[in-house]
Amino acid sequence: MSASLIWNNVVAYSMQIGLLVGLAAFVPTILRLRLPGVKLAYWHILLAACLLLPAVRPWRRAIVAGDVQVTTTVVTIAPPSTKTAREIPTTGIALMLLAAGAIGRLAWLGLGLWRLGRYRRHSKPYGVRNGCSIFVSEEVSSPVTFGARRPVILLPPGFPELDSRMQQAILCHEMLHVERRDWLFAVAEELVRAAFWFHPAIWWLLGEIQLAREQAVDREVVERTQARDEYVDALLVIAGASPQLDLAPAPLFLRKRHLKQRVVSILKEVRMSKTRLISGLAAGLGILAAACWFAASTFPLAAAPQVVNDAPGVTVEINGAALLHRAPVAYPEPARSNGVQGTVSVEAVLDEKGNVSEARILSGPQELRRAAQQSVLQWHFKGDTAGSTRMVNITFQLAESKPIVGGNTVATVTATAPQRQPVNPGDIQKSRDEALARFETARKEMQAKQAANSSGVRTLKSINVLGLSDPMKSELLSRLPVREGDTLSQDSMSRVTQAVMQFDEHLKITSNFNGGDATLTIATPDVPTIPDRIRIGGNVQQAKLISQPHPIYPPDAKAARIQGTVQLQATIGKDGTVQNLEVISGHPLLVPAALEAVKQWVYQTTLLNGNPVEVLTQIDVNFTLSQ
């Protein structure tokens, strides 16, 4: 997924959250959900809905038509001192700013946790109540509760001078926070605030959650202590203390911006019948669900587009339907040669899974109908269109095409030798035996590699899934019976094929073997299969040579007047280096010199659709003697 697409999704997701909160914020007022506990539950559900919005509706996935091209890139080696400035797109800068802000908020949260620990270490013990340690700290102006396994309550220095009933009300308030495990909720909310630090709707919603939580605790404190006036007095006393910077990620006894609402809530008794409570909350959830669907539909998120490589001059119009994948449309060569063009209208009948079960041709040139029908029969629409009928228009328009010229020639490297000189026949025989021994060693190594390739048991190096969205890709990988690093045999390969066909019968599976390693590629029909290795003629590949050390004519072969051609099959890696050499033919005295030279050759990287691939080519090394 590109930076631009990520940024667009971030903007769309932010708009979804803003719209959802804007629509759902008035629900408690409209339905008169006045009980603080009910409002707290509703705000929590609204926050969860904001976080789950990306899963409400499937992501919109565009299908983009493209052309299949084989591209060769020339590698230019620049001097070491040359420096090129790298431009960062605007979307990349924006994403980095968002990430930096989130990291800053997390650092702020970490600082708050560290300060809580410091307050605890510098405070004085005040007592223990129901397993909760109570301390008096000179560094807090309001009671603070934090900790999950070993909860701690920090009280301000003026707490011991308060009236006993006020002390009882404050301690009851903090103990309720401990019982409700509100500290865990407070930390989770701060994590959400860090991720959405830039979104005002999230800040507003978290503020409402904090207020509703304190109002719910206030209501229960008054019911337990029956000390309404003393509790209000305690709030006012705490509000009159000298304020300090609020860093603590913990429920505070009082945030001054909430003082008025909390006092009004304490003094004003609110009652709701059980029937009204259940019906109001159910109606609120119904409105919230509808708002979620509306927000996700208004600002849909987009998955990475699928690229379908239709033939040049072909345009597909699906009239607003949603596709999972489709096969490319070919332009019949006879029709192109005869100048036939036009639009073919197809009526596609979908089965219960969204597959095209029948494609009826309604109109269009006779020469183009079969190509359109064959392609549409392989299309797969999204599940919400299952069982329906869709209209598809495929336009064929003649366009200029450039012929592709290529050949399967071989590269020739010639090494020359001086005139014949007198030599000792015994030295010739000795050199010939050594060369034969090296040739035999190379032959055995090649046979060993071939045996490893034909054993049928290899290590699965990687699994590539092309053309599916990230959620569908994850689901498919979870269904496969093998993982990267497992042993891939014929039996396990059969089970992989069965699992893929059960997931989607249109997917294509290709495998590539390199020695004891194996690579699996699973792709939708619209994605052109990109092989890991292609075959290129020697003459074409020779033009890509960057470094070409010439072979040295073997002295013994030179003395014996031996000439000839050594034919090699070379595997050139993705980095341009020679990975493997196999001898096709050649004189045993000439083969070692050819192997020694060719394995040092370096080529330009070969790209196929922008991806580096291995190349299989033939190299002829000619050894000739000067006359």
# chains A, B, ... in the order shown; residues from 1 in each chain; ligands from 1
call {"tool": "residues_around", "arguments": {"residues": "A:Ser388", "least_positions_apart": "2", "cutoff": "9 Å", "atoms": "only C-alpha atoms", "output": "MDAnalysis selection string"}}
result
chainID A and resid 348:352 354 385:386 390
call {"tool": "residues_around", "arguments": {"residues": "stretch 157-164 of chain A", "least_positions_apart": "3", "cutoff": "10 Å", "atoms": "only C-alpha atoms", "output": "list in words"}}
result
Ser123, Lys124, Tyr126, Phe135, Val136, Ser137, Glu138, Glu139, Val140, Ser141, Ser142, Pro143, Leu154, Gln167, Gln168, Ala169, Ile170, Glu230, Asp233, Ala234, Val237, Ile238 and Ala241 of chain A
call {"tool": "atom_distance", "arguments": {"atom1": "atom CA of A:Leu324", "atom2": "atom CA of A:Phe381"}}
result
5.3 Å
call {"tool": "select_by_dssp", "arguments": {"residues": "stretch 128-375 of chain A", "states": "alpha helix (DSSP H)", "output": "count of residues only"}}
result
118
call {"tool": "residues_around", "arguments": {"residues": "stretch 205-221 of chain A", "least_positions_apart": "3", "cutoff": "10 Å", "atoms": "only C-alpha atoms", "output": "VMD selection string"}}
result
chain A and resid 21 25 35 to 44 46 to 47 168 to 177 180 182 185 to 186 189 to 190 192 to 193 200 to 202 224 to 228 231 to 232 251 to 255 257 to 259 261 to 267 269 to 270
call {"tool": "residues_around", "arguments": {"residues": "A:Ala359", "least_positions_apart": "3", "cutoff": "9 Å", "atoms": "only C-alpha atoms", "output": "tab-separated table (two decimals) with N, CA, C and O atoms, in the first residue's frame"}}
result
chain	number	residue	atom	x	y	z
A	346	VAL	N	-22.54	-7.41	-22.37
A	346	VAL	CA	-22.67	-8.75	-21.80
A	346	VAL	C	-23.54	-8.68	-20.56
A	346	VAL	O	-23.38	-7.78	-19.71
A	347	GLU	N	-24.47	-9.62	-20.46
A	347	GLU	CA	-25.30	-9.76	-19.25
A	347	GLU	C	-24.72	-10.92	-18.43
A	347	GLU	O	-24.78	-12.08	-18.85
A	348	ALA	N	-24.16	-10.60	-17.25
A	348	ALA	CA	-23.51	-11.60	-16.40
A	348	ALA	C	-24.46	-12.04	-15.30
A	348	ALA	O	-24.97	-11.22	-14.54
A	349	VAL	N	-24.71	-13.35	-15.23
A	349	VAL	CA	-25.56	-13.95	-14.20
A	349	VAL	C	-24.65	-14.51	-13.12
A	349	VAL	O	-23.77	-15.33	-13.40
A	356	VAL	N	-19.45	-15.61	-11.92
A	356	VAL	CA	-20.28	-15.51	-13.11
A	356	VAL	C	-20.58	-16.92	-13.61
A	356	VAL	O	-19.68	-17.65	-14.04
A	373	GLN	N	-16.87	-12.85	-23.86
A	373	GLN	CA	-17.59	-13.86	-23.08
A	373	GLN	C	-16.63	-14.73	-22.28
A	373	GLN	O	-16.87	-15.03	-21.10
A	374	GLN	N	-15.52	-15.16	-22.89
A	374	GLN	CA	-14.55	-16.00	-22.19
A	374	GLN	C	-13.96	-15.27	-20.98
A	374	GLN	O	-13.72	-15.88	-19.93
A	376	VAL	N	-15.44	-12.67	-19.19
A	376	VAL	CA	-16.46	-12.42	-18.18
A	376	VAL	C	-16.81	-13.68	-17.41
A	376	VAL	O	-17.10	-13.63	-16.20
A	377	LEU	N	-16.74	-14.83	-18.03
A	377	LEU	CA	-17.04	-16.08	-17.34
A	377	LEU	C	-16.06	-16.38	-16.21
A	377	LEU	O	-16.32	-17.23	-15.36
call {"tool": "select_by_dssp", "arguments": {"residues": "stretch 214-378 of chain A", "states": "strand (DSSP E or B)", "output": "ChimeraX atom specification"}}
result
/A:252,302,306-308,314-317,323-325,342-350,355-363
call {"tool": "atom_distance", "arguments": {"atom1": "atom CA of A:Gly573", "atom2": "atom CA of A:Pro612"}}
result
8.9 Å
call {"tool": "atom_distance", "arguments": {"atom1": "atom CA of A:Ile318", "atom2": "atom CA of A:Asn393"}}
result
6.6 Å
